[in-house]
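protein-v9.txt follows (compact mmCIF, C-alpha atoms and all ligand atoms):
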```
# COMPACT_ATOMS: atom_id res chain seq x y z
CA MET A 1 96.46 126.12 97.57
CA ASP A 2 93.63 125.53 95.10
CA TRP A 3 90.08 126.30 96.28
CA GLY A 4 88.96 122.66 96.55
CA MET A 5 92.02 121.65 98.55
CA ALA A 6 91.68 124.69 100.83
CA ASN A 7 87.97 124.04 101.32
CA ARG A 8 88.54 120.39 102.24
CA MET A 9 91.30 121.34 104.69
CA ALA A 10 88.90 123.83 106.31
CA GLN A 11 86.32 121.06 106.78
CA LEU A 12 88.91 119.13 108.77
CA ILE A 13 90.86 121.79 110.63
CA GLN A 14 88.48 124.10 112.44
CA SER A 15 88.53 127.90 112.33
CA ASP A 16 90.77 127.97 115.45
CA GLY A 17 93.38 125.95 113.54
CA ARG A 18 92.76 122.87 115.72
CA CYS A 19 91.08 119.49 115.27
CA VAL A 20 89.79 116.38 117.03
CA PHE A 21 89.66 113.46 114.60
CA MET A 22 87.99 110.21 115.61
CA PRO A 23 89.78 107.15 114.17
CA ILE A 24 87.76 103.93 113.90
CA ASP A 25 89.90 102.36 111.16
CA HIS A 26 91.63 99.79 113.37
CA GLY A 27 89.66 96.81 112.05
CA TYR A 28 91.52 96.97 108.74
CA PHE A 29 94.39 95.05 110.34
CA GLN A 30 93.12 94.20 113.87
CA GLY A 31 89.70 92.75 113.04
CA PRO A 32 86.89 93.41 115.55
CA THR A 33 89.01 95.27 118.09
CA THR A 34 87.59 95.55 121.61
CA LYS A 35 84.81 98.16 121.74
CA LEU A 36 84.83 98.50 117.96
CA GLU A 37 82.94 95.27 117.26
CA ASN A 38 79.97 97.40 116.20
CA PRO A 39 81.52 100.60 114.82
CA TRP A 40 78.31 102.68 114.69
CA ARG A 41 77.36 101.88 118.28
CA THR A 42 80.78 103.14 119.35
CA LEU A 43 80.89 106.13 117.04
CA GLU A 44 77.38 107.56 117.31
CA PRO A 45 77.69 109.13 120.81
CA LEU A 46 81.16 110.47 119.97
CA LEU A 47 80.22 112.09 116.65
CA PRO A 48 78.95 115.39 118.09
CA TYR A 49 82.38 115.91 119.67
CA SER A 50 84.45 114.80 116.65
CA ASP A 51 85.61 117.16 113.90
CA ALA A 52 86.20 114.31 111.41
CA VAL A 53 86.16 110.50 111.26
CA PHE A 54 89.07 108.35 110.04
CA VAL A 55 87.60 105.18 108.56
CA THR A 56 87.86 102.57 105.80
CA ARG A 57 85.39 102.51 102.92
CA GLY A 58 83.96 99.18 104.12
CA VAL A 59 82.97 100.46 107.55
CA LEU A 60 81.90 103.82 106.10
CA ARG A 61 79.40 102.18 103.75
CA SER A 62 78.25 99.42 106.11
CA SER A 63 78.11 101.20 109.42
CA ILE A 64 77.97 104.99 109.20
CA ASP A 65 74.79 106.92 108.63
CA PRO A 66 75.49 109.26 105.68
CA LEU A 67 72.98 111.76 107.04
CA ALA A 68 74.56 111.93 110.50
CA SER A 69 78.16 111.94 109.46
CA LYS A 70 81.05 114.36 109.89
CA PRO A 71 83.86 115.05 107.38
CA ILE A 72 85.54 111.79 106.39
CA VAL A 73 89.23 110.97 106.21
CA LEU A 74 89.25 107.78 104.15
CA ARG A 75 91.90 105.20 105.01
CA MET A 76 93.47 104.10 101.74
CA SER A 77 96.25 101.75 102.82
CA GLY A 78 96.11 98.17 104.08
CA GLY A 79 96.49 94.58 102.93
CA THR A 80 98.11 93.21 106.10
CA SER A 81 96.88 91.83 109.43
CA MET A 82 97.95 91.21 113.01
CA VAL A 83 98.34 87.52 112.22
CA GLY A 84 100.23 87.94 108.94
CA GLY A 85 103.94 88.18 108.21
CA ASP A 86 104.67 91.89 108.45
CA LEU A 87 102.27 94.74 109.20
CA ALA A 88 104.45 97.10 107.20
CA ASN A 89 103.84 95.37 103.86
CA GLU A 90 100.91 97.65 102.96
CA GLY A 91 99.56 98.65 99.59
CA ILE A 92 96.99 101.17 98.41
CA THR A 93 93.56 99.62 98.92
CA THR A 94 91.28 101.89 96.96
CA SER A 95 91.25 104.76 94.48
CA MET A 96 90.88 108.51 94.51
CA GLU A 97 87.71 108.09 92.41
CA GLU A 98 86.26 106.06 95.30
CA ALA A 99 87.29 108.80 97.75
CA ILE A 100 85.42 111.33 95.59
CA ARG A 101 82.37 109.04 95.34
CA LEU A 102 82.36 108.79 99.15
CA ASN A 103 82.69 112.57 99.45
CA ALA A 104 85.88 112.19 101.51
CA SER A 105 87.42 115.41 102.77
CA ALA A 106 90.86 113.77 102.87
CA VAL A 107 92.56 110.42 102.55
CA GLY A 108 94.96 108.74 104.96
CA ILE A 109 97.78 106.29 104.40
CA SER A 110 100.39 104.65 106.64
CA VAL A 111 104.13 104.70 106.03
CA PHE A 112 106.54 102.38 107.82
CA ILE A 113 109.88 104.16 107.88
CA GLY A 114 112.86 102.02 108.87
CA SER A 115 111.00 98.81 107.99
CA ASP A 116 111.70 96.43 105.10
CA TYR A 117 108.77 98.14 103.36
CA GLU A 118 109.93 101.72 103.81
CA ARG A 119 110.37 102.40 100.07
CA GLN A 120 107.11 100.72 99.09
CA THR A 121 105.04 102.58 101.66
CA LEU A 122 106.69 105.92 100.92
CA LEU A 123 106.02 105.45 97.21
CA ASN A 124 102.41 104.56 98.12
CA LEU A 125 102.23 107.95 99.85
CA SER A 126 103.72 109.69 96.80
CA THR A 127 101.22 107.99 94.50
CA LEU A 128 98.31 109.16 96.66
CA VAL A 129 99.70 112.70 96.81
CA ASN A 130 99.94 112.75 93.00
CA GLU A 131 96.32 111.60 92.73
CA GLY A 132 95.13 113.88 95.51
CA GLU A 133 96.70 116.94 93.89
CA LYS A 134 94.78 116.16 90.66
CA TYR A 135 91.44 116.33 92.48
CA GLY A 136 92.14 118.72 95.35
CA ILE A 137 92.08 116.03 98.05
CA PRO A 138 94.53 116.38 100.95
CA VAL A 139 96.56 113.38 102.09
CA MET A 140 97.14 112.64 105.77
CA ALA A 141 100.27 110.54 106.30
CA VAL A 142 100.30 108.17 109.26
CA THR A 143 103.73 107.37 110.67
CA ALA A 144 103.10 103.77 111.68
CA VAL A 145 105.41 101.64 113.81
CA GLY A 146 103.64 98.27 113.62
CA ARG A 147 104.46 96.29 116.74
CA GLU A 148 107.67 98.25 117.40
CA MET A 149 106.26 100.67 119.97
CA GLU A 150 109.75 101.48 121.26
CA LYS A 151 110.34 103.45 118.06
CA ARG A 152 108.18 106.26 119.44
CA ASP A 153 110.88 108.81 120.28
CA ALA A 154 111.38 112.34 119.03
CA ARG A 155 114.39 111.60 116.81
CA TYR A 156 112.64 108.83 114.88
CA LEU A 157 109.24 110.51 114.72
CA ALA A 158 110.76 113.83 113.59
CA LEU A 159 112.50 111.98 110.75
CA CYS A 160 109.24 110.28 109.77
CA ALA A 161 107.12 113.43 109.95
CA ARG A 162 109.57 115.44 107.86
CA ILE A 163 109.80 112.76 105.17
CA CYS A 164 106.00 112.62 104.93
CA ALA A 165 105.83 116.40 104.53
CA GLU A 166 108.60 116.36 101.93
CA LEU A 167 106.62 113.82 99.89
CA GLY A 168 103.58 116.08 99.93
CA ALA A 169 101.35 115.06 102.85
CA LYS A 170 99.18 118.00 103.88
CA VAL A 171 98.91 116.74 107.48
CA VAL A 172 101.04 114.24 109.42
CA LYS A 173 99.63 112.01 112.12
CA THR A 174 102.25 110.69 114.48
CA TYR A 175 102.58 109.49 118.06
CA TRP A 176 103.01 111.79 120.99
CA CYS A 177 106.48 111.47 122.53
CA GLU A 178 108.69 113.34 124.95
CA ASP A 179 110.22 116.49 123.44
CA PHE A 180 107.35 116.56 120.96
CA GLU A 181 108.37 120.08 119.85
CA LYS A 182 111.29 118.46 117.97
CA VAL A 183 108.78 116.57 115.84
CA VAL A 184 106.69 119.68 115.16
CA GLU A 185 109.60 122.05 114.53
CA GLY A 186 111.08 119.83 111.84
CA CYS A 187 107.78 119.34 110.03
CA PRO A 188 106.53 122.11 107.74
CA VAL A 189 102.91 120.87 107.73
CA PRO A 190 100.50 120.49 110.68
CA VAL A 191 101.08 117.57 113.05
CA ILE A 192 98.29 115.61 114.74
CA MET A 193 98.81 113.14 117.61
CA ALA A 194 97.65 109.52 117.61
CA GLY A 195 97.22 107.73 120.89
CA GLY A 196 98.39 104.15 120.52
CA PRO A 197 97.37 101.42 122.98
CA THR A 198 95.42 102.55 126.05
CA VAL A 199 97.33 104.14 128.90
CA ASP A 200 96.49 103.46 132.55
CA THR A 201 94.49 106.52 133.60
CA GLU A 202 92.39 109.28 132.05
CA LEU A 203 94.75 111.86 133.57
CA GLU A 204 97.65 110.34 131.61
CA VAL A 205 95.70 110.70 128.35
CA LEU A 206 94.82 114.29 129.14
CA GLN A 207 98.41 115.04 130.13
CA PHE A 208 99.96 113.76 126.91
CA VAL A 209 97.35 115.52 124.81
CA SER A 210 97.98 118.76 126.68
CA ASP A 211 101.76 118.38 126.46
CA GLY A 212 101.61 117.74 122.71
CA MET A 213 99.34 120.73 122.13
CA ILE A 214 101.61 123.03 124.16
CA ARG A 215 104.56 121.76 122.08
CA GLY A 216 102.87 122.56 118.76
CA ALA A 217 100.48 119.82 117.66
CA ILE A 218 97.28 121.10 116.08
CA GLY A 219 95.09 118.33 117.43
CA VAL A 220 94.50 114.66 117.94
CA ASN A 221 93.45 111.55 116.07
CA LEU A 222 92.79 109.54 119.19
CA GLY A 223 90.98 106.23 119.09
CA ARG A 224 91.50 103.46 121.64
CA ASN A 225 92.26 105.80 124.52
CA ILE A 226 88.79 107.28 124.01
CA TRP A 227 86.46 104.51 122.86
CA GLN A 228 88.05 101.76 124.96
CA ASN A 229 87.52 103.93 128.04
CA ASP A 230 84.49 103.17 130.21
CA ASN A 231 83.39 106.82 129.89
CA PRO A 232 84.21 107.76 126.30
CA VAL A 233 81.88 110.76 125.99
CA PRO A 234 83.12 112.57 129.12
CA LEU A 235 86.68 111.84 128.01
CA ILE A 236 86.33 113.18 124.46
CA ARG A 237 84.59 116.26 125.83
CA ALA A 238 87.51 116.84 128.21
CA ILE A 239 90.00 116.33 125.35
CA ARG A 240 88.11 118.86 123.21
CA GLN A 241 88.54 121.41 125.99
CA ILE A 242 92.31 120.95 125.82
CA VAL A 243 92.47 121.03 122.03
CA HIS A 244 89.96 123.79 121.30
CA GLU A 245 89.93 125.83 124.54
CA ASP A 246 93.56 125.55 125.80
CA VAL A 247 92.31 124.13 129.10
CA SER A 248 95.00 122.47 131.27
CA ALA A 249 95.14 118.69 131.72
CA GLU A 250 94.18 119.10 135.39
CA ASP A 251 91.12 121.25 134.63
CA ALA A 252 90.12 118.91 131.81
CA HIS A 253 90.36 116.05 134.30
CA LYS A 254 88.04 117.87 136.69
CA LEU A 255 85.59 118.32 133.81
CA PHE A 256 85.90 114.61 133.00
CA GLU A 257 85.07 113.67 136.61
CA THR A 258 82.09 116.05 136.65
CA LEU A 259 80.71 114.77 133.36
CA LYS A 260 81.28 111.19 134.45
CA SER A 261 79.13 111.62 137.54
CA ASN A 262 76.53 113.92 135.88
CA PRO A 263 76.20 112.91 132.24
CA THR A 264 73.92 115.46 130.54
C1 LIG B 1 95.42 102.60 113.15
C2 LIG B 1 95.47 104.06 112.99
C3 LIG B 1 94.73 104.81 113.97
O1 LIG B 1 93.93 105.73 113.29
C4 LIG B 1 95.65 105.53 114.89
O2 LIG B 1 96.60 104.65 115.40
C5 LIG B 1 94.91 106.27 115.98
O3 LIG B 1 94.28 105.44 116.82
P1 LIG B 1 94.83 105.10 118.27
O4 LIG B 1 94.70 106.39 119.05
O5 LIG B 1 93.93 104.03 118.76
O6 LIG B 1 96.27 104.68 118.13
O7 LIG B 1 96.06 104.61 112.11
O8 LIG B 1 95.98 102.05 112.06
```
Starting from the file, lay out its structure as structure tokens.
Ligand code: 5RP
Amino acid sequence: MDWGMANRMAQLIQSDGRCVFMPIDHGYFQGPTTKLENPWRTLEPLLPYSDAVFVTRGVLRSSIDPLASKPIVLRMSGGTSMVGGDLANEGITTSMEEAIRLNASAVGISVFIGSDYERQTLLNLSTLVNEGEKYGIPVMAVTAVGREMEKRDARYLALCARICAELGAKVVKTYWCEDFEKVVEGCPVPVIMAGGPTVDTELEVLQFVSDGMIRGAIGVNLGRNIWQNDNPVPLIRAIRQIVHEDVSAEDAHKLFETLKSNPT
């Protein structure tokens, strides 16, 4: 790997080989999602506990303090919305020159495998990889499912993750699922877990994060399950303990409860 690419990867993936990314990109198709109406208000208290931020260029420029920031993963796909025809019909929304101007450490793009736009979104990924390789910028592929949440099983996600790696993604972000090791084992590049819509309890979040880490994920890119929680800072701190310190879900939950009642 060339020096620039290796250096950018090291900004994202910490020296223990693990990472906690903080995605606040949801507005690019969901609009002002609950608790993300004011992105900086949501992000600021979480930044000290985030290894990188996944964000669009619009919110980066308008809402994030360049002096307080962490490494940026710039979202570079979009063009669809919750109220439009098909969420999968995405294009590339900005350029690698813009990513360089914004000092992005990586770029991220969604692919919609099995959808009517499979070919288009996979070729979008290939185009970004070609551009990223020119400038030493890693590409994170996002295996998106749109509204079809039932697609989140190991067979489908393993297929998606492998295809993304084959096309040159340096990191794949996919959903946690049962038998997550099947997703990781078939993917020759690091796999990071997204969260999806909020689950019922904090313990459930901590349990799926822990399970995914034990089965080979290198970290999380977890948004709504953190910042839509009533206690986002205690929760991200508990998640960091699982990701970076190999703490069990149960012990992380105890930490969460302690931090919740005694915020320091
Ligand atoms: C949205 C994304 C998000 O970054 C990803 O889904 C992670 O966020 P969440 O944990 O809320 O699902 O790619 O397009």
When you count all atoms listed in the file, which of these residues is closest to Gly186 of chain A: A:Val209, A:Thr121, A:Arg162, A:Leu167?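 Among A:Val209, A:Thr121, A:Arg162, A:Leu167, it is A:Arg162 that comes nearest to Gly186 of chain A.
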Compare A:Asp86, A:Glu178, A:Glu37, A:Asp51 by their minimum atom-to-atom distance to Arg240 of chain A, counting all atoms listed in the file, and give me the closest one. A:Asp51
Excluding Pro190 of chain A and any residue of its chain fewer than 5 positions from it, enumerate the residues within 8 Å of it, using all atoms listed in the file, and give them as JSON, numbers by chain. {"A": [170, 171, 172, 184, 217, 218]}
Distance query Val83 of chain A at most 12 Å, only C-alpha atoms, self and fewer than 6 positions along chain excluded, as a PDB file with C-alpha atoms, in the coordinates of the input:
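Below is the file result-v4.pdb, written as the result:
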```
ATOM      1  CA  PHE A  29      94.390  95.050 110.340  1.00  0.00           C
ATOM      2  CA  GLN A  30      93.120  94.200 113.870  1.00  0.00           C
ATOM      3  CA  GLY A  31      89.700  92.750 113.040  1.00  0.00           C
ATOM      4  CA  ARG A 147     104.460  96.290 116.740  1.00  0.00           C
TER       5      ARG A 147
END
```
Nearest to ligand LIG 1 (chain B), chosen from A:Ser69, A:Thr94, A:Thr174, A:Ser15, with all atoms listed in the file counted in the distances: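 Of A:Ser69, A:Thr94, A:Thr174, A:Ser15, the one nearest ligand LIG 1 (chain B) is A:Thr174, counting all atoms listed in the file.
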Select the residues contacting ligand LIG 1 (chain B) at a distance of at most 9 Å, based on all atoms listed in the file, then format the selection as a ChimeraX atom specification. /A:21-30,54-55,75,78,108-110,142-144,146,173-175,193-198,220-228
Select, from A:Cys19, A:Val59, A:Val111, A:Val129, the residue with the minimum atom-to-atom distance to Pro71 of chain A, counting all atoms listed in the file. A:Cys19
For Val145 of chain A, please output as a ChimeraX atom specification all residues within 8 Å (counting all atoms listed in the file; exclusion window: fewer than 6 positions along the same chain). /A:112-113,151-152
Need to verify the contact set: Ala154 of chain A, 8 Å, all atoms listed in the file, exclusion of same-chain residues closer than 6 positions in sequence. Can you return it as a PyMOL selection string? chain A and resi 177-180+182-183
Would you save the residues of that selection, restricted to C-alpha atoms, as a JSON list (two decimals), keeping the file's coordinate frame?
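The new file result_19.json reads:
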```json
[["chain", "number", "residue", "atom", "x", "y", "z"],
["A", 177, "CYS", "CA", 106.48, 111.47, 122.53],
["A", 178, "GLU", "CA", 108.69, 113.34, 124.95],
["A", 179, "ASP", "CA", 110.22, 116.49, 123.44],
["A", 180, "PHE", "CA", 107.35, 116.56, 120.96],
["A", 182, "LYS", "CA", 111.29, 118.46, 117.97],
["A", 183, "VAL", "CA", 108.78, 116.57, 115.84]]
```
Report, in Å to a single decimal, how far apart atom CA of Ala238 of chain A and atom CA of Ile214 of chain A are.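 Interatomic distance here is 15.9 Å.
Pairwise distance (atom CA of Ala169 of chain A, atom CA of Leu125 of chain A) equals 7.8 Å.
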List the residues sitting within 8 Å of (99.5, 92.8, 101.0) in the file's frame, using only C-alpha atoms, as a PyMOL selection string. chain A and resi 78-80+89-91
When you count all atoms listed in the file, which of these residues is closest to Leu203 of chain A: A:Ile239, A:Ala52, A:Ala249, A:Ala6?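 Smallest separation from Leu203 of chain A among the options: A:Ala249.
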Interatomic distance between atom CA of Asp16 of chain A and atom CA of Ala161 of chain A? 22.6 Å
May I have the residues at most 9 Å from (89.8, 117.7, 127.6) in the file's coordinates, counting only C-alpha atoms, as a list in words?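 Those within range, by chain then number, are Leu206, Val209, Ser210, Pro234, Leu235, Ile236, Arg237, Ala238, Ile239, Arg240, Gln241, Ile242, Val243, His244, Glu245, Asp246, Val247, Ser248, Ala249, Asp251, Ala252, His253, Leu255 and Phe256 of chain A.
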